[in-house]
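final-v1.tsv, holding TSV, C-alpha atoms:
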```tsv
chain	number	residue	atom	x	y	z
A	1	MET	CA	44.14	10.02	-23.22
A	2	PRO	CA	46.02	8.90	-26.35
A	3	SER	CA	45.47	10.94	-29.49
A	4	LEU	CA	43.71	9.31	-32.41
A	5	PRO	CA	45.40	9.03	-35.80
A	6	ALA	CA	44.93	12.10	-37.97
A	7	SER	CA	43.90	9.87	-40.85
A	8	TRP	CA	40.72	9.02	-38.99
A	9	ALA	CA	39.51	12.61	-38.99
A	10	THR	CA	36.97	13.78	-41.53
A	11	ASP	CA	38.05	15.97	-44.40
A	12	GLU	CA	34.86	18.04	-44.26
A	13	PRO	CA	35.12	21.83	-43.92
A	14	GLN	CA	35.01	23.08	-40.36
A	15	ALA	CA	31.67	24.83	-40.93
A	16	SER	CA	30.07	21.61	-42.15
A	17	LEU	CA	31.57	19.61	-39.30
A	18	TRP	CA	30.29	22.15	-36.76
A	19	LEU	CA	26.77	21.95	-38.19
A	20	GLU	CA	26.73	18.17	-37.81
A	21	GLN	CA	28.02	18.48	-34.24
A	22	VAL	CA	25.36	20.98	-33.14
A	23	ILE	CA	22.59	18.97	-34.79
A	24	ASN	CA	23.67	15.85	-32.92
A	25	ALA	CA	24.19	17.71	-29.64
A	26	GLY	CA	20.86	19.52	-30.00
A	27	VAL	CA	18.91	16.27	-30.22
A	28	ASN	CA	20.80	14.88	-27.22
A	29	ILE	CA	20.00	18.00	-25.19
A	30	GLY	CA	16.36	17.76	-26.25
A	31	SER	CA	16.31	14.10	-25.17
A	32	MET	CA	17.65	15.00	-21.72
A	33	ALA	CA	15.03	17.73	-21.43
A	34	PHE	CA	12.36	15.18	-22.35
A	35	GLY	CA	13.60	13.00	-19.48
A	36	VAL	CA	12.99	15.93	-17.14
A	37	HIS	CA	9.61	16.41	-18.80
A	38	MET	CA	8.69	12.79	-18.05
A	39	ALA	CA	9.47	13.27	-14.36
A	40	VAL	CA	7.51	16.52	-14.16
A	41	TYR	CA	4.56	14.98	-16.02
A	42	ALA	CA	4.49	12.02	-13.60
A	43	THR	CA	4.66	14.39	-10.62
A	44	CYS	CA	1.87	16.56	-11.97
A	45	THR	CA	-0.31	13.53	-12.70
A	46	TYR	CA	0.29	12.26	-9.16
A	47	HIS	CA	-0.85	15.53	-7.61
A	48	LEU	CA	-3.86	15.71	-9.93
A	49	TYR	CA	-4.83	12.17	-8.93
A	50	ARG	CA	-4.68	13.13	-5.25
A	51	SER	CA	-7.08	16.01	-5.75
A	52	LYS	CA	-10.49	15.70	-4.12
A	53	LYS	CA	-12.14	16.08	-7.49
A	54	PHE	CA	-10.00	14.76	-10.32
A	55	PRO	CA	-9.47	17.64	-12.80
A	56	TRP	CA	-9.86	15.87	-16.13
A	57	MET	CA	-9.32	18.97	-18.23
A	58	GLN	CA	-5.91	19.66	-16.69
A	59	GLN	CA	-4.93	16.00	-17.06
A	60	ILE	CA	-5.96	15.91	-20.71
A	61	TYR	CA	-4.13	19.17	-21.35
A	62	ILE	CA	-0.79	18.05	-19.89
A	63	THR	CA	-1.14	14.63	-21.53
A	64	VAL	CA	-1.56	16.20	-24.95
A	65	LEU	CA	1.51	18.36	-24.30
A	66	PHE	CA	3.48	15.29	-23.21
A	67	ILE	CA	2.50	13.30	-26.30
A	68	LEU	CA	3.36	16.17	-28.63
A	69	ALA	CA	6.72	16.65	-26.89
A	70	ALA	CA	7.41	12.93	-27.28
A	71	VAL	CA	6.56	13.16	-30.99
A	72	THR	CA	8.97	16.05	-31.54
A	73	ILE	CA	11.95	14.32	-29.94
A	74	ALA	CA	11.13	10.96	-31.54
A	75	CYS	CA	10.99	12.56	-34.99
A	76	ASN	CA	14.30	14.34	-34.37
A	77	ILE	CA	15.96	11.08	-33.34
A	78	ASN	CA	14.52	9.23	-36.32
A	79	PHE	CA	15.62	11.92	-38.78
A	80	ASN	CA	19.18	11.77	-37.42
A	81	GLU	CA	19.11	8.00	-37.72
A	82	LEU	CA	18.15	8.34	-41.37
A	83	ALA	CA	20.96	10.82	-42.00
A	84	TRP	CA	23.83	9.08	-40.20
A	85	ILE	CA	22.86	5.40	-40.40
A	86	ASP	CA	20.17	4.38	-42.87
A	87	GLU	CA	20.96	6.84	-45.68
A	88	ARG	CA	24.62	7.60	-45.03
A	89	ASN	CA	25.49	7.14	-48.73
A	90	TYR	CA	23.03	9.82	-49.82
A	91	LYS	CA	24.15	11.68	-52.94
A	92	GLY	CA	23.47	15.38	-52.55
A	93	GLY	CA	22.13	17.75	-55.17
A	94	ARG	CA	23.12	21.19	-53.88
A	95	SER	CA	25.52	22.87	-51.49
A	96	PRO	CA	24.48	22.90	-47.80
A	97	VAL	CA	26.18	26.21	-47.08
A	98	LYS	CA	23.66	29.02	-46.72
A	99	GLY	CA	24.03	31.64	-49.43
A	100	SER	CA	26.34	29.58	-51.62
A	101	LYS	CA	25.74	29.14	-55.34
A	102	SER	CA	24.11	26.00	-56.61
A	103	VAL	CA	26.42	23.33	-58.01
A	104	ASN	CA	26.14	20.34	-60.30
A	105	VAL	CA	25.05	17.06	-58.79
A	106	ASP	CA	28.38	15.45	-59.59
A	107	ASP	CA	30.26	18.13	-57.63
A	108	SER	CA	27.78	18.53	-54.79
A	109	PRO	CA	28.47	17.25	-51.27
A	110	SER	CA	27.05	13.94	-50.21
A	111	GLY	CA	26.56	12.00	-47.03
A	112	PRO	CA	24.72	12.83	-43.78
A	113	LEU	CA	25.12	16.59	-43.98
A	114	ALA	CA	23.74	16.76	-47.50
A	115	PHE	CA	20.82	14.57	-46.41
A	116	ILE	CA	20.08	16.80	-43.41
A	117	ASN	CA	20.20	19.94	-45.51
A	118	GLU	CA	18.20	18.68	-48.47
A	119	GLN	CA	15.68	16.25	-46.97
A	120	GLU	CA	14.06	18.31	-44.22
A	121	ALA	CA	10.84	18.11	-46.21
A	122	LEU	CA	10.46	14.43	-45.33
A	123	PRO	CA	7.22	13.60	-43.45
A	124	VAL	CA	9.10	12.61	-40.29
A	125	ASP	CA	10.67	16.06	-40.02
A	126	THR	CA	7.46	17.87	-40.96
A	127	ILE	CA	5.49	15.95	-38.31
A	128	GLY	CA	8.08	16.77	-35.65
A	129	ASN	CA	8.08	20.47	-36.50
A	130	SER	CA	4.28	20.57	-36.60
A	131	ALA	CA	4.03	18.96	-33.15
A	132	GLY	CA	6.33	21.65	-31.78
A	133	LEU	CA	4.19	24.39	-33.30
A	134	VAL	CA	1.04	22.91	-31.72
A	135	ILE	CA	2.79	22.92	-28.33
A	136	THR	CA	3.53	26.61	-28.76
A	137	PHE	CA	-0.10	27.33	-29.63
A	138	LEU	CA	-1.46	25.43	-26.61
A	139	VAL	CA	0.93	27.05	-24.14
A	140	ASP	CA	0.34	30.55	-25.49
A	141	SER	CA	-3.42	29.98	-25.38
A	142	LEU	CA	-3.21	29.00	-21.71
A	143	LEU	CA	-1.19	32.10	-20.89
A	144	ILE	CA	-3.78	34.30	-22.60
A	145	TYR	CA	-6.60	32.57	-20.72
A	146	ARG	CA	-4.87	33.13	-17.39
A	147	CYS	CA	-4.29	36.74	-18.34
A	148	TRP	CA	-8.01	37.13	-19.05
A	149	VAL	CA	-8.99	35.62	-15.71
A	150	VAL	CA	-6.53	37.56	-13.56
A	151	TRP	CA	-7.82	40.79	-15.06
A	152	ASN	CA	-11.36	39.96	-13.97
A	153	SER	CA	-12.51	38.66	-17.37
A	154	ASN	CA	-11.50	41.92	-19.03
A	155	TYR	CA	-11.56	41.30	-22.78
A	156	TYR	CA	-9.80	44.57	-23.58
A	157	VAL	CA	-6.63	43.34	-21.90
A	158	ILE	CA	-6.34	40.29	-24.15
A	159	ILE	CA	-7.26	41.88	-27.50
A	160	LEU	CA	-3.62	42.44	-28.47
A	161	PRO	CA	-2.42	39.02	-27.23
A	162	ILE	CA	-5.22	37.29	-29.17
A	163	LEU	CA	-4.32	39.16	-32.35
A	164	MET	CA	-0.68	38.21	-31.84
A	165	LEU	CA	-1.68	34.58	-31.29
A	166	ILE	CA	-3.70	34.54	-34.51
A	167	ALA	CA	-0.84	36.11	-36.45
A	168	SER	CA	1.72	33.68	-35.01
A	169	THR	CA	-0.56	30.73	-35.82
A	170	VAL	CA	-0.87	31.85	-39.45
A	171	LEU	CA	2.90	32.33	-39.69
A	172	SER	CA	3.51	28.90	-38.19
A	173	CYS	CA	1.29	27.30	-40.83
A	174	LEU	CA	3.09	29.19	-43.60
A	175	GLN	CA	6.46	28.19	-42.20
A	176	THR	CA	5.43	24.53	-42.07
A	177	ILE	CA	4.23	24.65	-45.67
A	178	ALA	CA	7.44	26.37	-46.81
A	179	ALA	CA	9.69	23.91	-44.96
A	180	SER	CA	7.81	20.92	-46.38
A	181	GLN	CA	8.55	21.89	-49.98
A	182	PRO	CA	11.02	19.68	-51.91
A	183	ALA	CA	14.69	20.58	-51.35
A	184	SER	CA	13.69	23.09	-48.69
A	185	SER	CA	15.35	23.48	-45.30
A	186	LEU	CA	15.31	25.52	-42.11
A	187	TRP	CA	17.78	27.93	-43.70
A	188	ALA	CA	16.06	28.28	-47.07
A	189	ALA	CA	14.96	31.83	-47.92
A	190	ASN	CA	11.30	30.84	-48.26
A	191	THR	CA	11.39	29.32	-44.76
A	192	VAL	CA	13.34	32.10	-43.04
A	193	LYS	CA	10.93	34.80	-44.21
A	194	PHE	CA	8.14	33.08	-42.24
A	195	GLY	CA	10.18	31.44	-39.49
A	196	LEU	CA	11.92	34.54	-38.17
A	197	PRO	CA	8.71	36.61	-37.76
A	198	TYR	CA	6.98	33.60	-36.21
A	199	PHE	CA	9.62	32.99	-33.54
A	200	SER	CA	9.89	36.71	-32.81
A	201	LEU	CA	6.13	37.14	-32.47
A	202	THR	CA	5.78	34.10	-30.24
A	203	MET	CA	8.53	35.28	-27.91
A	204	THR	CA	7.01	38.77	-27.73
A	205	LEU	CA	3.57	37.33	-26.97
A	206	ASN	CA	4.91	35.18	-24.16
A	207	MET	CA	6.76	38.06	-22.55
A	208	LEU	CA	3.81	40.44	-22.95
A	209	VAL	CA	1.24	38.14	-21.35
A	210	THR	CA	3.55	37.19	-18.50
A	211	THR	CA	4.28	40.86	-17.81
A	212	ILE	CA	0.57	41.70	-17.78
A	213	ILE	CA	-0.20	38.91	-15.30
A	214	ILE	CA	2.67	39.77	-12.98
A	215	THR	CA	1.70	43.45	-13.04
A	216	ARG	CA	-1.82	42.56	-11.91
A	217	LEU	CA	-0.54	40.35	-9.10
A	218	LEU	CA	1.90	42.96	-7.87
A	219	LEU	CA	-0.89	45.55	-7.75
A	220	ALA	CA	-2.95	43.14	-5.67
A	221	ARG	CA	0.10	42.51	-3.48
A	222	ARG	CA	0.43	46.22	-2.77
A	223	LYS	CA	-3.21	46.41	-1.66
A	224	ILE	CA	-2.84	43.34	0.54
A	225	ARG	CA	0.31	44.67	2.18
A	226	SER	CA	-1.29	48.03	2.90
A	227	ILE	CA	-4.22	46.38	4.69
A	228	MET	CA	-2.88	43.13	6.14
A	229	GLY	CA	0.87	43.68	6.44
A	230	ASP	CA	4.06	42.56	4.73
A	231	THR	CA	3.67	38.90	5.63
A	232	HIS	CA	0.62	38.51	3.44
A	233	GLY	CA	2.16	40.51	0.63
A	234	ARG	CA	4.92	37.96	0.34
A	235	GLU	CA	2.42	35.36	-0.76
A	236	TYR	CA	1.69	37.46	-3.84
A	237	THR	CA	5.41	37.72	-4.40
A	238	SER	CA	5.60	33.93	-4.46
A	239	VAL	CA	2.83	33.80	-7.06
A	240	ALA	CA	4.71	36.28	-9.23
A	241	ALA	CA	7.86	34.21	-8.76
A	242	MET	CA	5.95	31.15	-9.93
A	243	LEU	CA	4.97	32.91	-13.13
A	244	VAL	CA	8.49	34.13	-13.76
A	245	GLU	CA	10.03	30.73	-13.05
A	246	SER	CA	7.63	28.97	-15.39
A	247	ALA	CA	7.62	31.41	-18.29
A	248	LEU	CA	11.10	32.91	-18.14
A	249	PRO	CA	12.99	29.79	-19.35
A	250	THR	CA	10.82	29.69	-22.46
A	251	ALA	CA	11.45	33.36	-23.16
A	252	LEU	CA	15.20	32.97	-22.66
A	253	VAL	CA	15.51	29.95	-24.96
A	254	SER	CA	13.36	31.71	-27.55
A	255	MET	CA	15.47	34.86	-27.38
A	256	VAL	CA	18.71	32.94	-27.94
A	257	LEU	CA	17.15	30.91	-30.75
A	258	ILE	CA	15.78	33.99	-32.51
A	259	ALA	CA	19.03	35.94	-32.20
A	260	LEU	CA	21.03	33.11	-33.75
A	261	TYR	CA	18.42	32.38	-36.42
A	262	ALA	CA	18.30	36.02	-37.51
A	263	GLN	CA	22.08	36.01	-37.96
A	264	GLY	CA	22.01	32.78	-39.95
A	265	ASN	CA	24.09	31.15	-37.22
A	266	THR	CA	23.76	27.36	-37.32
A	267	THR	CA	24.35	27.22	-33.54
A	268	MET	CA	20.62	27.91	-33.35
A	269	THR	CA	20.10	24.22	-34.15
A	270	LEU	CA	21.47	23.46	-30.69
A	271	PHE	CA	18.38	24.99	-29.05
A	272	PHE	CA	15.71	23.93	-31.53
A	273	PRO	CA	14.89	20.49	-30.02
A	274	LEU	CA	15.03	22.00	-26.52
A	275	LEU	CA	12.36	24.67	-27.02
A	276	PRO	CA	9.25	22.39	-27.24
A	277	GLN	CA	10.28	20.60	-24.05
A	278	VAL	CA	10.77	23.85	-22.13
A	279	GLN	CA	7.44	25.19	-23.40
A	280	ALA	CA	5.55	22.04	-22.40
A	281	LEU	CA	7.07	22.12	-18.91
A	282	ALA	CA	5.77	25.59	-18.04
A	283	PRO	CA	2.04	24.76	-17.54
A	284	GLN	CA	2.86	21.58	-15.62
A	285	LEU	CA	5.13	23.43	-13.20
A	286	ILE	CA	2.29	25.88	-12.60
A	287	PHE	CA	-0.20	23.07	-11.94
A	288	ILE	CA	2.19	21.37	-9.51
A	289	ARG	CA	2.66	24.53	-7.45
A	290	VAL	CA	-1.08	25.06	-7.36
A	291	LEU	CA	-1.82	21.49	-6.32
A	292	ARG	CA	0.81	21.62	-3.58
A	293	GLY	CA	-0.91	24.62	-2.05
A	294	ARG	CA	1.70	27.22	-2.99
A	295	ALA	CA	-0.96	29.75	-3.99
A	296	TRP	CA	-3.91	31.80	-2.81
A	297	SER	CA	-7.29	30.12	-2.90
A	298	LYS	CA	-10.81	31.49	-2.93
A	299	GLU	CA	-11.01	30.71	0.81
A	300	THR	CA	-8.02	32.93	1.57
A	301	MET	CA	-10.25	35.98	2.16
A	302	ASN	CA	-13.19	35.48	4.47
A	303	PRO	CA	-15.45	38.43	5.29
A	304	ASN	CA	-16.40	36.85	8.64
A	305	VAL	CA	-12.98	37.45	10.20
A	306	SER	CA	-11.24	40.70	10.88
A	307	LYS	CA	-7.68	39.52	10.64
A	308	ARG	CA	-6.04	36.33	9.56
A	309	THR	CA	-2.73	34.62	9.19
A	310	LEU	CA	-2.02	32.57	6.09
A	311	GLN	CA	-0.06	29.37	6.58
A	312	PHE	CA	1.03	26.50	4.38
A	313	THR	CA	0.68	23.13	6.06
A	314	GLN	CA	2.30	19.86	5.20
A	315	SER	CA	0.44	16.61	4.90
A	316	SER	CA	1.70	13.35	6.36
A	317	SER	CA	3.25	12.48	3.02
A	318	GLY	CA	5.39	15.57	3.13
A	319	THR	CA	3.60	17.43	0.38
A	320	PHE	CA	1.89	20.73	0.89
A	321	ALA	CA	-1.74	20.21	1.65
A	322	GLY	CA	-2.73	23.73	0.81
A	323	PRO	CA	-3.19	27.14	2.37
A	324	VAL	CA	-4.86	27.23	5.77
A	325	THR	CA	-6.16	30.44	7.28
A	326	ARG	CA	-6.41	31.13	10.98
A	327	ALA	CA	-8.45	33.95	12.41
A	328	ARG	CA	-6.81	35.69	15.33
A	329	LYS	CA	-7.98	38.48	17.51
A	330	THR	CA	-6.28	41.80	17.13
A	331	GLU	CA	-6.70	45.32	18.32
A	332	THR	CA	-6.11	46.76	14.89
A	333	SER	CA	-9.00	48.05	12.88
A	334	SER	CA	-10.92	45.57	10.80
A	335	PHE	CA	-10.84	45.59	7.03
A	336	ASP	CA	-13.47	45.30	4.38
A	337	SER	CA	-12.90	42.04	2.55
A	338	HIS	CA	-14.50	43.43	-0.58
A	339	GLU	CA	-11.57	45.80	-0.91
A	340	LEU	CA	-9.22	42.89	-1.35
A	341	SER	CA	-8.55	40.80	-4.40
A	342	THR	CA	-9.57	37.17	-4.21
A	343	ILE	CA	-7.35	34.98	-6.31
A	344	ARG	CA	-8.33	31.41	-7.02
A	345	MET	CA	-5.82	28.96	-8.40
A	346	GLY	CA	-7.50	25.62	-7.76
A	347	ASP	CA	-8.30	25.37	-11.47
A	348	SER	CA	-5.01	26.94	-12.54
A	349	SER	CA	-6.64	30.31	-12.96
A	350	PHE	CA	-6.88	33.62	-11.15
A	351	ILE	CA	-10.19	35.27	-10.36
A	352	GLU	CA	-10.52	38.71	-8.89
A	353	LYS	CA	-13.72	39.94	-7.36
```
As structure tokens, what does this structure read like?
Amino acid sequence: MPSLPASWATDEPQASLWLEQVINAGVNIGSMAFGVHMAVYATCTYHLYRSKKFPWMQQIYITVLFILAAVTIACNINFNELAWIDERNYKGGRSPVKGSKSVNVDDSPSGPLAFINEQEALPVDTIGNSAGLVITFLVDSLLIYRCWVVWNSNYYVIILPILMLIASTVLSCLQTIAASQPASSLWAANTVKFGLPYFSLTMTLNMLVTTIIITRLLLARRKIRSIMGDTHGREYTSVAAMLVESALPTALVSMVLIALYAQGNTTMTLFFPLLPQVQALAPQLIFIRVLRGRAWSKETMNPNVSKRTLQFTQSSSGTFAGPVTRARKTETSSFDSHELSTIRMGDSSFIEK
């Protein structure tokens, strides 16, 4: 590949050039993630439509998440268009480098980078950020609800998660207000003091609730294995794997984002458009696994049989039709079904009796 003339290269400082590169790459990565989101949303809607009784609440929930995710990526794309195309001759009013001293307007940088740094308070950027914060609230609320159900409607278990959710919601509102102020930005001191605690608290909440749910399922798995054997215990392992697979990506992206943001590292911008898409995917992946029959249902335990084998059958279309139980005779001692945990996932929840 022939080298381009050196005269074509920008004369911007390397730090400024890197910031523009990660902002552009971040939006592209977010757009690719939204493409994955579209496919997952269509798949989830298909499985919901095939349900015997169409679950409107789940459909409305994932549709709201999809719309909000579309708003976030559309606003990011539009803001970049303003910076690099529509307003490329923008005359800046202050230095974009975090921690640098203010300068006179005549000496200040101009162009796309100055626009990005100084015009993040525009409505298009505020709307995009707000949509992402609403996604976080909805996903965290669902995780707390599932935690409440799996612990047999035990309110004591969710007291701390609810308090953390309230605190993170307040911080998200304060961050949005701070970022929407004139000449403010993601790196401004008034934004960082709210943004860093918010991201940290949200990540901690997600990890806490997921850990609580998995702990409950593993305890139930131990009881099932002791009574019915290892084969049945593996089904609880698959449920735990579902939770990890759906929530772990969000936690990982959040951890990287928070670590970079706390250090003032602009590489954090690379992950910012990706986070809302990953968050919105988690509930839909859970719903898909449930609707394909990859989970325990309330019919899994039946007190009228002494021993059973759990199978997953495939429908003619190739999708999993759901768990099917077969009673089989055995010489082993019978069990008391009331000693076992019944977990219902048909409505994306877990109920223990």
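Between CA of Ser141 (chain A) and CA of Arg50 (chain A) the interatomic distance comes to 26.3 Å.
Among the candidates A:Gly264, A:Pro283, A:Gly128, A:Gly30, the one nearest to Cys75 (chain A) when counting only C-alpha atoms is A:Gly128.
The space between CA of Met255 (chain A) and CA of Met203 (chain A) spans 7.0 Å.
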Q. Do you have the CA of Ser168 (chain A)-CA of Tyr198 (chain A) distance handy?
A. 5.4 Å
(Q) Which residues are close to Ile23 (chain A), i.e. within 12 Å by all atoms listed in the file, leaving aside same-chain residues fewer than 4 positions away? Reply as an MDAnalysis selection string. (A) chainID A and resid 16:19 27:30 76:77 79:81 83:84 112:113 116:117 266:274
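Among the candidates A:Thr126, A:Thr136, A:Thr202, A:Thr215, the residue lying nearest to Ala178 (chain A) is A:Thr126 (atoms considered: all atoms listed in the file).
Nearest residue to Asp125 (chain A), choosing from A:Gln181, A:Thr169, A:Ile144, A:Val149 and counting all atoms listed in the file: A:Gln181.
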Q: Just the residues within 10 Å of Leu160 (chain A), please, counting only C-alpha atoms, with nothing from its chain fewer than 6 positions along; format it as a list in words.
A: Ile166, Leu205, Leu208 and Val209 of chain A
(Q) Which residue is closest to Ala247 (chain A)? Choose from A:Ser51, A:Asn206, A:Leu82, A:Gln277 and count all atoms listed in the file. (A) A:Asn206
Q: For a cut-off of 8 Å around (9.3, 25.6, -44.7), file coordinates, pick out all residues using only C-alpha atoms and list them as number ranges by chain.
A: A: 121, 174-181, 184-186, 188, 190-192, 194-195
Will you model N, CA and C atoms for region 16-38 of chain A and pass it back as a JSON list (two decimals), in the frame of the given file?
```
[["chain", "number", "residue", "atom", "x", "y", "z"],
["A", 16, "SER", "N", 30.95, 22.77, -41.98],
["A", 16, "SER", "CA", 30.07, 21.61, -42.15],
["A", 16, "SER", "C", 30.16, 20.67, -40.95],
["A", 17, "LEU", "N", 31.38, 20.48, -40.46],
["A", 17, "LEU", "CA", 31.57, 19.61, -39.30],
["A", 17, "LEU", "C", 30.87, 20.18, -38.07],
["A", 18, "TRP", "N", 30.95, 21.50, -37.89],
["A", 18, "TRP", "CA", 30.29, 22.15, -36.76],
["A", 18, "TRP", "C", 28.78, 21.99, -36.84],
["A", 19, "LEU", "N", 28.21, 22.10, -38.04],
["A", 19, "LEU", "CA", 26.77, 21.95, -38.19],
["A", 19, "LEU", "C", 26.33, 20.55, -37.79],
["A", 20, "GLU", "N", 27.08, 19.54, -38.20],
["A", 20, "GLU", "CA", 26.73, 18.17, -37.81],
["A", 20, "GLU", "C", 26.83, 18.00, -36.29],
["A", 21, "GLN", "N", 27.83, 18.61, -35.69],
["A", 21, "GLN", "CA", 28.02, 18.48, -34.24],
["A", 21, "GLN", "C", 26.87, 19.12, -33.47],
["A", 22, "VAL", "N", 26.44, 20.31, -33.88],
["A", 22, "VAL", "CA", 25.36, 20.98, -33.14],
["A", 22, "VAL", "C", 24.02, 20.29, -33.36],
["A", 23, "ILE", "N", 23.83, 19.71, -34.55],
["A", 23, "ILE", "CA", 22.59, 18.97, -34.79],
["A", 23, "ILE", "C", 22.52, 17.75, -33.88],
["A", 24, "ASN", "N", 23.62, 17.02, -33.79],
["A", 24, "ASN", "CA", 23.67, 15.85, -32.92],
["A", 24, "ASN", "C", 23.53, 16.24, -31.45],
["A", 25, "ALA", "N", 24.26, 17.27, -31.04],
["A", 25, "ALA", "CA", 24.19, 17.71, -29.64],
["A", 25, "ALA", "C", 22.81, 18.26, -29.30],
["A", 26, "GLY", "N", 22.18, 18.96, -30.24],
["A", 26, "GLY", "CA", 20.86, 19.52, -30.00],
["A", 26, "GLY", "C", 19.82, 18.45, -29.70],
["A", 27, "VAL", "N", 19.85, 17.36, -30.46],
["A", 27, "VAL", "CA", 18.91, 16.27, -30.22],
["A", 27, "VAL", "C", 19.19, 15.60, -28.88],
["A", 28, "ASN", "N", 20.46, 15.47, -28.52],
["A", 28, "ASN", "CA", 20.80, 14.88, -27.22],
["A", 28, "ASN", "C", 20.31, 15.76, -26.07],
["A", 29, "ILE", "N", 20.49, 17.07, -26.21],
["A", 29, "ILE", "CA", 20.00, 18.00, -25.19],
["A", 29, "ILE", "C", 18.48, 17.93, -25.09],
["A", 30, "GLY", "N", 17.82, 17.89, -26.24],
["A", 30, "GLY", "CA", 16.36, 17.76, -26.25],
["A", 30, "GLY", "C", 15.90, 16.47, -25.59],
["A", 31, "SER", "N", 16.66, 15.38, -25.79],
["A", 31, "SER", "CA", 16.31, 14.10, -25.17],
["A", 31, "SER", "C", 16.44, 14.17, -23.65],
["A", 32, "MET", "N", 17.49, 14.83, -23.17],
["A", 32, "MET", "CA", 17.65, 15.00, -21.72],
["A", 32, "MET", "C", 16.52, 15.85, -21.15],
["A", 33, "ALA", "N", 16.14, 16.89, -21.88],
["A", 33, "ALA", "CA", 15.03, 17.73, -21.43],
["A", 33, "ALA", "C", 13.73, 16.93, -21.40],
["A", 34, "PHE", "N", 13.56, 16.02, -22.35],
["A", 34, "PHE", "CA", 12.36, 15.18, -22.35],
["A", 34, "PHE", "C", 12.35, 14.25, -21.14],
["A", 35, "GLY", "N", 13.53, 13.80, -20.71],
["A", 35, "GLY", "CA", 13.60, 13.00, -19.48],
["A", 35, "GLY", "C", 13.11, 13.79, -18.28],
["A", 36, "VAL", "N", 13.51, 15.06, -18.20],
["A", 36, "VAL", "CA", 12.99, 15.93, -17.14],
["A", 36, "VAL", "C", 11.49, 16.10, -17.28],
["A", 37, "HIS", "N", 11.04, 16.26, -18.52],
["A", 37, "HIS", "CA", 9.61, 16.41, -18.80],
["A", 37, "HIS", "C", 8.83, 15.20, -18.30],
["A", 38, "MET", "N", 9.36, 14.00, -18.52],
["A", 38, "MET", "CA", 8.69, 12.79, -18.05],
["A", 38, "MET", "C", 8.51, 12.81, -16.53]]
```
